[in-house]
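This is final-v7.txt (compact mmCIF, C-alpha atoms and all ligand atoms).
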# COMPACT_ATOMS: atom_id res chain seq x y z
CA MET A 1 -13.54 18.04 -10.63
CA ALA A 2 -13.82 21.76 -11.39
CA ALA A 3 -17.59 21.44 -11.67
CA LEU A 4 -17.69 19.46 -8.46
CA ALA A 5 -15.65 22.12 -6.66
CA ALA A 6 -17.95 24.86 -7.97
CA GLY A 7 -21.05 22.85 -7.14
CA VAL A 8 -22.68 23.49 -10.53
CA HIS A 9 -23.15 21.50 -13.70
CA PRO A 10 -20.37 22.13 -16.26
CA CYS A 11 -20.79 24.06 -19.51
CA ALA A 12 -18.40 21.80 -21.47
CA ASP A 13 -16.77 18.43 -21.12
CA ALA A 14 -13.29 17.81 -19.71
CA LYS A 15 -11.69 18.73 -23.03
CA GLY A 16 -13.71 21.91 -23.55
CA ARG A 17 -16.06 20.38 -26.12
CA PRO A 18 -19.80 21.19 -26.06
CA LEU A 19 -22.03 18.83 -24.14
CA ASP A 20 -24.99 16.91 -25.49
CA PRO A 21 -28.28 18.88 -25.37
CA ARG A 22 -29.57 17.08 -22.28
CA ARG A 23 -26.49 17.93 -20.21
CA ALA A 24 -26.07 21.36 -21.80
CA ALA A 25 -29.53 22.30 -20.53
CA LEU A 26 -28.29 21.76 -16.96
CA ALA A 27 -25.17 23.93 -17.36
CA GLY A 28 -24.69 26.37 -14.51
CA GLN A 29 -27.37 24.83 -12.32
CA PRO A 30 -26.49 23.52 -8.84
CA LEU A 31 -25.41 19.90 -8.65
CA THR A 32 -27.67 19.24 -5.68
CA ALA A 33 -30.75 20.89 -4.24
CA ASP A 34 -28.84 21.88 -1.11
CA HIS A 35 -25.88 23.29 -3.09
CA LEU A 36 -23.30 20.73 -2.03
CA CYS A 37 -19.78 20.99 -3.45
CA GLY A 38 -17.00 18.46 -3.69
CA ALA A 39 -13.34 18.83 -2.88
CA TRP A 40 -10.33 16.91 -4.10
CA VAL A 41 -8.63 15.63 -0.99
CA GLU A 42 -5.66 13.50 -1.87
CA MET A 43 -4.06 11.11 -4.30
CA ARG A 44 -2.33 8.09 -2.87
CA GLY A 45 -0.77 5.19 -4.65
CA ASN A 46 2.22 3.21 -5.73
CA TRP A 47 5.22 5.35 -6.64
CA GLU A 48 5.11 4.10 -10.23
CA PHE A 49 1.48 5.17 -10.50
CA LEU A 50 2.26 8.62 -9.08
CA ARG A 51 5.12 8.98 -11.55
CA ASP A 52 2.96 8.13 -14.54
CA ALA A 53 -0.19 9.99 -13.49
CA LEU A 54 1.61 13.18 -12.49
CA ALA A 55 4.32 13.01 -15.18
CA LEU A 56 6.95 13.40 -12.49
CA ARG A 57 10.48 14.15 -13.53
CA SER A 58 11.85 13.20 -10.11
CA HIS A 59 11.17 9.61 -9.15
CA PHE A 60 12.79 6.37 -8.01
CA GLY A 61 14.34 5.73 -11.42
CA SER A 62 15.97 9.13 -11.89
CA SER A 63 19.00 10.75 -10.27
CA ASN A 64 16.66 13.09 -8.39
CA VAL A 65 14.61 10.54 -6.52
CA CYS A 66 11.80 12.53 -4.98
CA HIS A 67 9.08 14.95 -6.08
CA LEU A 68 8.68 16.31 -2.55
CA CYS A 69 12.28 17.30 -1.87
CA ARG A 70 15.63 17.56 -3.66
CA ALA A 71 17.07 14.22 -2.53
CA THR A 72 19.38 12.60 -5.06
CA LYS A 73 21.23 9.38 -5.69
CA GLY A 74 24.77 10.27 -4.59
CA GLY A 75 26.14 13.75 -4.05
CA GLU A 76 25.55 16.13 -1.17
CA LEU A 77 21.84 15.33 -0.90
CA ASP A 78 22.23 11.56 -1.21
CA PHE A 79 19.02 10.01 0.04
CA THR A 80 20.90 7.09 1.62
CA ALA A 81 23.17 9.30 3.74
CA ASP A 82 20.81 10.36 6.50
CA PHE A 83 17.26 9.39 7.43
CA SER A 84 16.96 11.54 10.52
CA ARG A 85 14.50 14.37 10.86
CA GLY A 86 17.45 16.76 10.77
CA ALA A 87 18.82 15.45 7.46
CA ALA A 88 19.96 17.91 4.81
CA THR A 89 17.28 16.68 2.44
CA ARG A 90 14.61 17.70 4.94
CA ALA A 91 15.71 21.32 4.47
CA THR A 92 14.88 21.10 0.77
CA LEU A 93 11.23 20.14 1.09
CA LEU A 94 8.95 21.58 -1.53
CA GLN A 95 7.60 24.72 0.08
CA ASP A 96 4.77 25.82 -2.17
CA ALA A 97 3.26 22.93 -4.02
CA ALA A 98 -0.25 24.24 -4.44
CA ASP A 99 0.22 25.09 -8.11
CA ALA A 100 3.63 23.64 -8.77
CA PRO A 101 3.39 22.82 -12.47
CA ALA A 102 2.09 26.00 -14.03
CA GLY A 103 1.95 28.81 -11.51
CA ALA A 104 4.51 31.44 -10.67
CA ASN A 105 5.54 29.46 -7.62
CA ALA A 106 6.50 26.41 -9.62
CA PRO A 107 9.66 24.99 -8.13
CA ALA A 108 12.65 25.15 -10.38
CA GLY A 109 14.72 22.24 -11.53
CA ALA A 110 14.12 18.68 -10.58
CA ASN A 111 10.85 19.17 -8.74
CA ALA A 112 9.06 20.66 -11.72
CA PRO A 113 6.89 18.04 -13.40
CA ALA A 114 8.03 17.12 -16.87
CA GLY A 115 4.71 17.01 -18.67
CA ALA A 116 1.30 18.53 -18.52
CA SER A 117 -0.83 16.14 -16.51
CA PRO A 118 -4.46 17.32 -16.40
CA LEU A 119 -4.52 16.41 -12.72
CA TYR A 120 -2.62 19.62 -11.91
CA LYS A 121 -5.66 21.59 -13.05
CA ILE A 122 -7.84 20.17 -10.28
CA PRO A 123 -8.94 23.01 -7.99
CA GLY A 124 -6.98 22.83 -4.75
CA PHE A 125 -4.39 20.47 -6.17
CA SER A 126 -1.21 20.13 -4.11
CA LEU A 127 1.76 17.83 -4.58
CA TRP A 128 1.86 17.46 -0.80
CA ARG A 129 -1.44 15.63 -1.08
CA CYS A 130 0.02 13.19 -3.59
CA MET A 131 1.50 10.84 -1.04
CA PHE A 132 3.25 7.50 -1.31
CA ASP A 133 1.02 4.63 -0.23
CA LEU A 134 2.20 2.87 2.92
CA MET A 135 1.36 -0.64 1.69
CA HIS A 136 3.34 -0.20 -1.51
CA THR A 137 6.20 1.47 0.36
CA LEU A 138 6.63 -0.59 3.52
CA GLU A 139 5.11 -4.00 2.88
CA LEU A 140 5.63 -4.31 -0.88
CA GLY A 141 8.80 -2.23 -0.91
CA LEU A 142 10.93 -2.62 2.17
CA LEU A 143 9.58 -5.73 3.88
CA GLN A 144 9.85 -7.76 0.68
CA ARG A 145 13.62 -7.29 1.06
CA ILE A 146 13.95 -7.12 4.84
CA VAL A 147 12.06 -10.34 5.66
CA PRO A 148 14.20 -12.70 3.51
CA ALA A 149 17.40 -10.91 4.55
CA THR A 150 16.37 -11.45 8.18
CA LEU A 151 15.54 -15.12 7.73
CA GLU A 152 18.52 -16.08 5.57
CA PRO A 153 21.05 -16.60 8.39
CA PHE A 154 18.55 -18.75 10.27
CA LEU A 155 17.59 -20.93 7.32
CA LYS A 156 20.80 -21.49 5.40
CA PRO A 157 23.01 -24.16 6.97
CA GLY A 158 26.53 -22.97 7.60
CA ARG A 159 25.48 -19.30 7.71
CA GLY A 160 26.57 -18.82 11.29
CA LEU A 161 23.48 -18.53 13.42
CA GLY A 162 21.84 -21.88 12.89
CA GLY A 163 20.04 -21.80 16.14
CA PRO A 164 16.33 -21.94 16.52
CA PHE A 165 15.28 -23.99 13.52
CA ALA A 166 16.35 -27.63 13.56
CA GLY A 167 17.52 -29.29 10.38
CA THR A 168 20.54 -29.72 8.19
CA THR A 169 18.91 -28.51 4.97
CA ILE A 170 17.16 -25.31 3.96
CA GLN A 171 13.96 -27.24 3.43
CA ALA A 172 14.03 -28.75 6.92
CA ARG A 173 14.81 -25.40 8.56
CA SER A 174 12.12 -23.65 6.49
CA HIS A 175 9.59 -26.20 7.68
CA ALA A 176 10.70 -25.68 11.28
CA ALA A 177 10.47 -21.91 10.81
CA THR A 178 6.90 -22.25 9.52
CA GLN A 179 5.95 -24.30 12.57
CA ALA A 180 7.58 -21.76 14.87
CA TYR A 181 5.74 -18.91 13.14
CA VAL A 182 2.36 -20.65 13.29
CA GLY A 183 2.95 -21.52 16.96
CA PHE A 184 3.77 -17.88 17.72
CA CYS A 185 0.59 -16.77 15.95
CA HIS A 186 -1.56 -19.20 17.92
CA ARG A 187 0.00 -18.13 21.22
CA ASN A 188 -0.59 -14.47 20.47
CA GLY A 189 -3.97 -14.61 18.78
CA ILE A 190 -2.68 -13.66 15.33
CA TYR A 191 -4.12 -15.19 12.20
CA PRO A 192 -1.14 -16.86 10.44
CA ARG A 193 -1.47 -15.41 6.97
CA VAL A 194 1.74 -17.01 5.74
CA LYS A 195 0.99 -20.65 5.02
CA ALA A 196 4.55 -21.78 4.47
CA ILE A 197 8.04 -20.33 4.66
CA THR A 198 9.96 -22.13 1.96
CA SER A 199 13.52 -22.35 0.70
CA GLN A 200 12.45 -20.05 -2.14
CA TRP A 201 12.28 -17.22 0.36
CA VAL A 202 16.05 -17.21 0.81
CA THR A 203 17.02 -18.18 -2.73
CA PRO A 204 17.77 -15.28 -5.10
CA GLN A 205 15.93 -15.38 -8.41
CA LYS A 206 19.25 -15.01 -10.24
CA PRO A 207 22.73 -15.89 -9.02
CA GLY A 208 24.16 -12.91 -7.21
CA ALA A 209 20.87 -11.01 -7.11
CA ALA A 210 19.54 -9.57 -3.86
CA LEU A 211 16.90 -11.49 -1.98
CA GLN A 212 13.41 -10.23 -2.65
CA LEU A 213 10.04 -11.80 -2.09
CA SER A 214 7.14 -11.51 -4.49
CA GLN A 215 3.43 -11.59 -3.77
CA SER A 216 3.40 -15.24 -4.77
CA HIS A 217 5.50 -15.90 -1.64
CA ALA A 218 3.53 -13.69 0.70
CA LYS A 219 0.96 -10.95 0.30
CA ALA A 220 1.43 -7.49 1.76
CA ALA A 221 -0.74 -8.11 4.82
CA ALA A 222 1.05 -11.39 5.48
CA LEU A 223 4.46 -9.70 5.55
CA ARG A 224 3.18 -7.04 7.89
CA ARG A 225 1.71 -9.63 10.24
CA MET A 226 5.09 -11.36 10.44
CA LEU A 227 6.69 -8.35 12.14
CA PRO A 228 5.88 -9.37 15.77
CA TRP A 229 7.35 -12.83 15.24
CA LEU A 230 10.44 -11.51 13.51
CA CYS A 231 10.87 -9.00 16.34
CA GLU A 232 10.89 -11.78 18.91
CA LEU A 233 13.14 -13.99 16.79
CA THR A 234 15.76 -11.33 16.17
CA ALA A 235 15.65 -9.96 19.73
CA VAL A 236 16.59 -13.36 21.15
CA HIS A 237 19.64 -13.52 18.88
CA ALA A 238 20.54 -9.83 18.97
CA GLU A 239 23.88 -10.30 20.74
CA VAL A 240 25.37 -12.72 18.22
CA SER A 241 26.97 -10.06 16.02
CA ASP A 242 26.80 -6.41 15.04
CA GLU A 243 24.58 -7.34 12.13
CA ALA A 244 22.22 -9.23 14.43
CA ARG A 245 22.02 -6.23 16.78
CA LEU A 246 21.19 -3.84 13.94
CA ARG A 247 18.73 -6.30 12.48
CA ALA A 248 16.91 -6.57 15.81
CA THR A 249 16.78 -2.77 16.03
CA LEU A 250 15.39 -2.53 12.51
CA LEU A 251 12.59 -5.03 13.15
CA ARG A 252 11.77 -3.64 16.59
CA GLU A 253 11.45 -0.07 15.36
CA LEU A 254 9.46 -0.98 12.25
CA HIS A 255 7.04 -2.94 14.40
CA ALA A 256 6.80 -0.11 16.93
CA MET A 257 6.07 2.36 14.14
CA ASP A 258 3.35 0.11 12.78
CA VAL A 259 1.81 -0.30 16.23
CA VAL A 260 1.61 3.48 16.66
CA TRP A 261 -0.31 3.82 13.40
CA ASP A 262 -2.38 0.71 14.00
CA LYS A 263 -3.68 1.95 17.34
CA ALA A 264 -4.11 5.58 16.31
CA PRO A 265 -7.38 7.02 15.00
CA ARG A 266 -7.78 8.48 11.54
CA PHE A 267 -5.97 11.67 12.50
CA LEU A 268 -2.79 11.39 14.54
CA THR A 269 -2.11 13.52 17.56
CA SER A 270 1.19 15.40 17.53
CA GLU A 271 2.56 12.89 20.05
CA GLN A 272 1.58 9.93 17.89
CA ALA A 273 3.03 11.54 14.77
CA ALA A 274 6.29 12.29 16.57
CA ALA A 275 6.48 8.75 17.94
CA ALA A 276 5.97 7.20 14.49
CA ALA A 277 8.55 9.54 12.95
CA GLY A 278 11.03 8.66 15.70
CA HIS A 279 10.61 4.92 15.18
CA CYS A 280 10.94 5.40 11.41
CA GLU A 281 14.15 7.36 11.92
CA LEU A 282 15.73 4.65 14.07
CA ALA A 283 14.59 1.83 11.78
CA LEU A 284 15.94 3.40 8.61
CA ASP A 285 19.19 4.34 10.30
CA ALA A 286 19.65 0.68 11.24
CA LEU A 287 18.84 -0.34 7.67
CA ARG A 288 21.35 2.22 6.39
CA GLN A 289 24.09 0.72 8.57
CA LEU A 290 23.15 -2.81 7.52
CA ALA A 291 23.26 -1.86 3.82
CA ALA A 292 26.64 -0.21 4.32
CA GLY A 293 28.15 -3.06 6.30
CA TRP A 294 26.63 -6.08 4.58
CA PRO A 295 25.69 -4.92 1.06
CA GLY A 296 25.34 -8.45 -0.25
CA ARG A 297 22.32 -9.08 1.95
CA TRP A 298 20.83 -5.71 2.81
CA LYS A 299 19.68 -3.13 0.28
CA LEU A 300 18.52 0.44 0.68
CA PRO A 301 15.98 1.16 -2.07
CA PRO A 302 14.52 4.63 -2.76
CA LYS A 303 11.33 3.52 -1.02
CA ALA A 304 13.23 3.98 2.24
CA HIS A 305 13.27 7.69 1.44
CA ALA A 306 9.56 7.59 0.56
CA LEU A 307 8.88 6.10 4.00
CA THR A 308 10.43 9.15 5.65
CA HIS A 309 7.85 11.35 3.92
CA ILE A 310 5.03 9.05 5.00
CA ALA A 311 6.22 9.09 8.60
CA CYS A 312 7.12 12.78 8.81
CA ASP A 313 4.87 14.52 6.28
CA SER A 314 1.52 12.72 6.28
CA ILE A 315 -0.43 15.88 6.83
CA LEU A 316 -3.72 14.21 6.04
CA GLY A 317 -3.67 11.74 8.86
CA ASN A 318 -2.92 8.18 9.72
CA PRO A 319 -1.28 6.40 6.76
CA ARG A 320 -2.55 3.07 8.07
CA VAL A 321 -6.14 4.28 7.69
CA ALA A 322 -5.84 5.80 4.19
CA HIS A 323 -4.05 3.18 2.14
CA CYS A 324 -4.42 1.06 -0.97
CA TYR A 325 -5.39 -2.25 0.62
CA GLN A 326 -9.03 -1.73 -0.31
CA ASP A 327 -8.11 -0.77 -3.87
CA GLU A 328 -6.10 -3.96 -4.25
CA ASP A 329 -9.03 -5.91 -2.82
CA PHE A 330 -11.29 -4.31 -5.42
CA VAL A 331 -9.09 -5.67 -8.20
CA GLY A 332 -9.35 -9.13 -6.66
CA ARG A 333 -13.13 -8.90 -6.37
CA ALA A 334 -13.53 -7.77 -9.97
CA LYS A 335 -11.28 -10.62 -11.06
CA ARG A 336 -13.38 -13.16 -9.18
CA ILE A 337 -16.58 -11.84 -10.71
CA TRP A 338 -14.95 -11.91 -14.14
CA ALA A 339 -13.97 -15.53 -13.66
CA GLY A 340 -17.61 -16.40 -13.09
CA CYS A 341 -18.92 -14.70 -16.23
CA HIS A 342 -19.19 -15.82 -19.80
CA GLY A 343 -16.33 -14.47 -21.85
CA LEU A 344 -18.54 -12.73 -24.41
CA THR A 345 -20.55 -10.79 -21.82
CA ALA A 346 -17.91 -10.48 -19.10
CA GLN A 347 -17.24 -6.76 -19.53
CA ARG A 348 -20.89 -5.82 -19.04
CA ARG A 349 -21.61 -8.44 -16.42
CA VAL A 350 -18.66 -7.45 -14.22
CA GLN A 351 -19.87 -3.87 -14.07
CA GLN A 352 -23.48 -4.90 -13.45
CA ARG A 353 -22.61 -7.31 -10.69
CA TYR A 354 -20.12 -5.03 -9.00
CA ALA A 355 -22.73 -2.26 -9.00
CA LEU A 356 -25.21 -4.66 -7.40
CA LEU A 357 -22.68 -5.71 -4.78
CA THR A 358 -21.85 -2.10 -3.98
CA ALA A 359 -25.54 -1.21 -3.70
CA LEU A 360 -26.14 -4.10 -1.31
CA ARG A 361 -23.23 -3.07 0.87
CA LEU A 362 -24.29 0.58 0.94
CA SER A 363 -27.90 -0.27 1.70
CA ALA A 364 -26.77 -2.56 4.51
CA ARG A 365 -24.73 0.24 6.06
CA TYR A 366 -27.66 2.59 5.72
CA GLU A 367 -29.97 0.08 7.40
CA VAL A 368 -27.49 -0.25 10.27
CA LYS A 369 -27.54 3.51 10.63
CA LEU A 370 -31.35 3.48 10.71
CA GLY A 371 -31.40 0.66 13.24
CA ILE A 372 -33.08 -1.80 10.89
CA ARG A 373 -30.07 -4.14 10.94
CA ARG A 374 -27.59 -4.84 13.70
CA THR A 375 -24.50 -5.49 11.59
CA ARG A 376 -23.54 -4.37 8.14
CA GLY A 377 -22.32 -7.63 6.73
CA PRO A 378 -21.92 -10.00 5.21
CA VAL A 379 -24.67 -9.22 2.73
CA ARG A 380 -25.75 -12.17 0.65
CA ALA A 381 -28.44 -12.15 -1.96
CA ARG A 382 -29.28 -14.11 -5.04
CA VAL A 383 -29.12 -11.76 -7.98
CA HIS A 384 -30.78 -12.89 -11.16
CA ALA A 385 -29.19 -11.87 -14.40
CA PRO A 386 -31.48 -10.33 -17.05
CA SER A 387 -31.47 -13.46 -19.16
CA GLY A 388 -32.78 -15.54 -16.28
CA ALA A 389 -30.29 -18.20 -17.15
CA GLU A 390 -27.58 -16.96 -14.83
CA THR A 391 -27.66 -16.38 -11.13
CA GLN A 392 -25.13 -14.67 -9.01
CA ASP A 393 -24.17 -14.73 -5.39
CA ALA A 394 -23.50 -11.01 -5.30
CA ALA A 395 -21.61 -10.95 -2.05
CA SER A 396 -19.10 -13.60 -2.99
CA GLY A 397 -18.82 -12.73 -6.64
CA ALA A 398 -19.21 -16.37 -7.61
CA GLY A 399 -21.00 -16.63 -10.90
CA ALA A 400 -23.31 -19.16 -12.46
CA ALA A 401 -20.58 -20.32 -14.76
CA ASP A 402 -18.88 -21.83 -11.73
CA PRO A 403 -19.64 -25.48 -11.18
CA ALA A 404 -21.88 -26.02 -8.16
CA GLY A 405 -19.16 -27.91 -6.36
CA ARG A 406 -16.72 -25.04 -6.68
CA ARG A 407 -19.26 -22.57 -5.32
CA ALA A 408 -20.00 -24.81 -2.37
CA LYS A 409 -16.26 -25.07 -1.67
CA ARG A 410 -15.92 -21.31 -1.76
CA ARG A 411 -18.73 -20.89 0.75
CA ARG A 412 -16.94 -23.28 3.09
CA GLY A 413 -13.82 -21.14 2.75
CA GLN A 414 -11.75 -23.82 1.07
ZN ZN A 501 11.89 13.47 -0.64
Reformat the file's structure so that it appears as structure tokens.
Ligand SMILES: [Zn+2]
Amino acid sequence: MAALAAGVHPCADAKGRPLDPRRAALAGQPLTADHLCGAWVEMRGNWEFLRDALALRSHFGSSNVCHLCRATKGGELDFTADFSRGAATRATLLQDAADAPAGANAPAGANAPAGASPLYKIPGFSLWRCMFDLMHTLELGLLQRIVPATLEPFLKPGRGLGGPFAGTTIQARSHAATQAYVGFCHRNGIYPRVKAITSQWVTPQKPGAALQLSQSHAKAAALRRMLPWLCELTAVHAEVSDEARLRATLLRELHAMDVVWDKAPRFLTSEQAAAAAGHCELALDALRQLAAGWPGRWKLPPKAHALTHIACDSILGNPRVAHCYQDEDFVGRAKRIWAGCHGLTAQRRVQQRYALLTALRLSARYEVKLGIRRTRGPVRARVHAPSGAETQDAASGAGAADPAGRRAKRRRGQ
């Protein structure tokens, strides 16, 4: 990264060791003929990844929960006490994070990283550009708890609301809820990503444990796409109780926040940023009241605090544009290619085939730019493996080891 920032070939490798003669001969020469440089822009990911990669001392598992401010679990700066933009924790934001780990401006105490991660040596590094990923924070953090807590009173017989979903058992009500959700999606032109709401959604994994969905119940995008339906469902029943009113507020504001980001371009205007921060503030305040009043059903995890930083401090733009969905998709694509390869050659074949797929996609985009093609996808080509014995549908990642019937099924989208 240092060589990229300087725009010249390095004199040594990342650990300071001499390079091989071929690369050593290039040392000090420009990387490109037109003297282009590269710049590190940001690092975005799951909180656990940030903790490990940056050797953070302050994280979700410690008493000081955040590497961007001095929020704590309990005490005067308790992260659960206030989610407004005027909260006391907002006055403790890290001020100078450009060279936090080693420089003279390194913040004292909890914000100082515990170890020496080499990432801090990247030219232009800033902790403020190491941001929580929205997908891992909202969908796979908060919504995995909020969605089952919202549905529980509707699905469990004898839990008060009963109401919209007919049936005397959880299974019957879950089936009715699925039909209602699919019907809502069809009426509103939404692809129903959730195939079935089941009784497992409102059954804790252990007796007494809080309700929490996993990705085997619903993927991140599926949970997000449920927000409009849950908004409508909870709004209709908002007057039943104080909990129902707060629940409707929570869903309404989360959905409104998501709509702001969804409709905004890559970089938010100040009005859009303020609107998203306002919706986030109201949503998390409702969640705070729910967790305080009904702790058996509603939880307030540290990711609620992380969401405040996404909504209020995303200095690099729209968090719905820069997110980890594509990275997660990459893992899925690599896995599918792997499944189609022979076990002995899988490591090499996966890299070869992914490189081919990437090249096809990039060339398609380039051809669109040149006007040779109208659209950039899908790109499909038969790629022959070096042995000649294997063929590969590069766009789908289906390998020759797949039976023909399975490949045909995949093409039909089954
Ligand atoms: Zn913080």
Between A:Arg297, A:Arg90, A:Arg245, A:Lys219, which one has atoms that come closest to A:Asp78, using only C-alpha atoms?
->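 Of A:Arg297, A:Arg90, A:Arg245, A:Lys219, the one nearest A:Asp78, counting only C-alpha atoms, is A:Arg90.
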- Item | Exercise answer, 8 Å around ligand ZN 501 (chain A) with all atoms listed in the file, as a list in words |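 For ligand ZN 501 (chain A), the residues inside 8 Å are Val65, Cys66, His67, Leu68, Cys69, Arg70, Ala71, Phe79, Thr89, Arg90, Leu93, His305, Ala306, Thr308 and His309 of chain A.
What separates atom CA of A:Thr150 from atom CA of A:Pro319 is a distance of 25.1 Å.
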Using all atoms listed in the file, the residue out of A:Leu31, A:Leu246, A:Ile310, A:Ala275 with shortest distance to A:Gly45 is A:Ile310
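If you measure from each of A:Lys369, A:Arg333, A:Arg187, A:His175 to A:Arg353 using only C-alpha atoms, the closest one turns out to be A:Arg333.
The interatomic distance for the pair atom CA of A:Glu281 and atom CA of A:Glu76 works out to 19.4 Å.
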Point-to-point distance in Å for atom CA of A:Ala276 and atom CA of A:Met257
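That distance, rounded to one decimal, is 4.9 Å.
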Of the candidates A:Ala2, A:Leu284, A:Ala346, A:Ala304, which one gets nearest to A:Ile122 if we count only C-alpha atoms?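 With only C-alpha atoms as the atom set, the closest residue is A:Ala2.
Restricting the calculation to only C-alpha atoms, the smallest distance between A:Glu42 and any of A:Arg22, A:Arg85, A:His59, A:His323 is found for A:His323.
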* Asked: Residues at most 12 Å from A:Ser216, counting only C-alpha atoms, excluding those fewer than 5 positions away in the same chain, as a list in words?
  -> Leu140, Gln144, Val194, Lys195, Ala196, Ile197, Thr198, Gln200, Trp201, Ala222 and Leu223 of chain A
Among A:Ser174, A:Thr137, A:Gln179, A:Ser84, A:Trp47 is approached most closely, using only C-alpha atoms, by A:Thr137
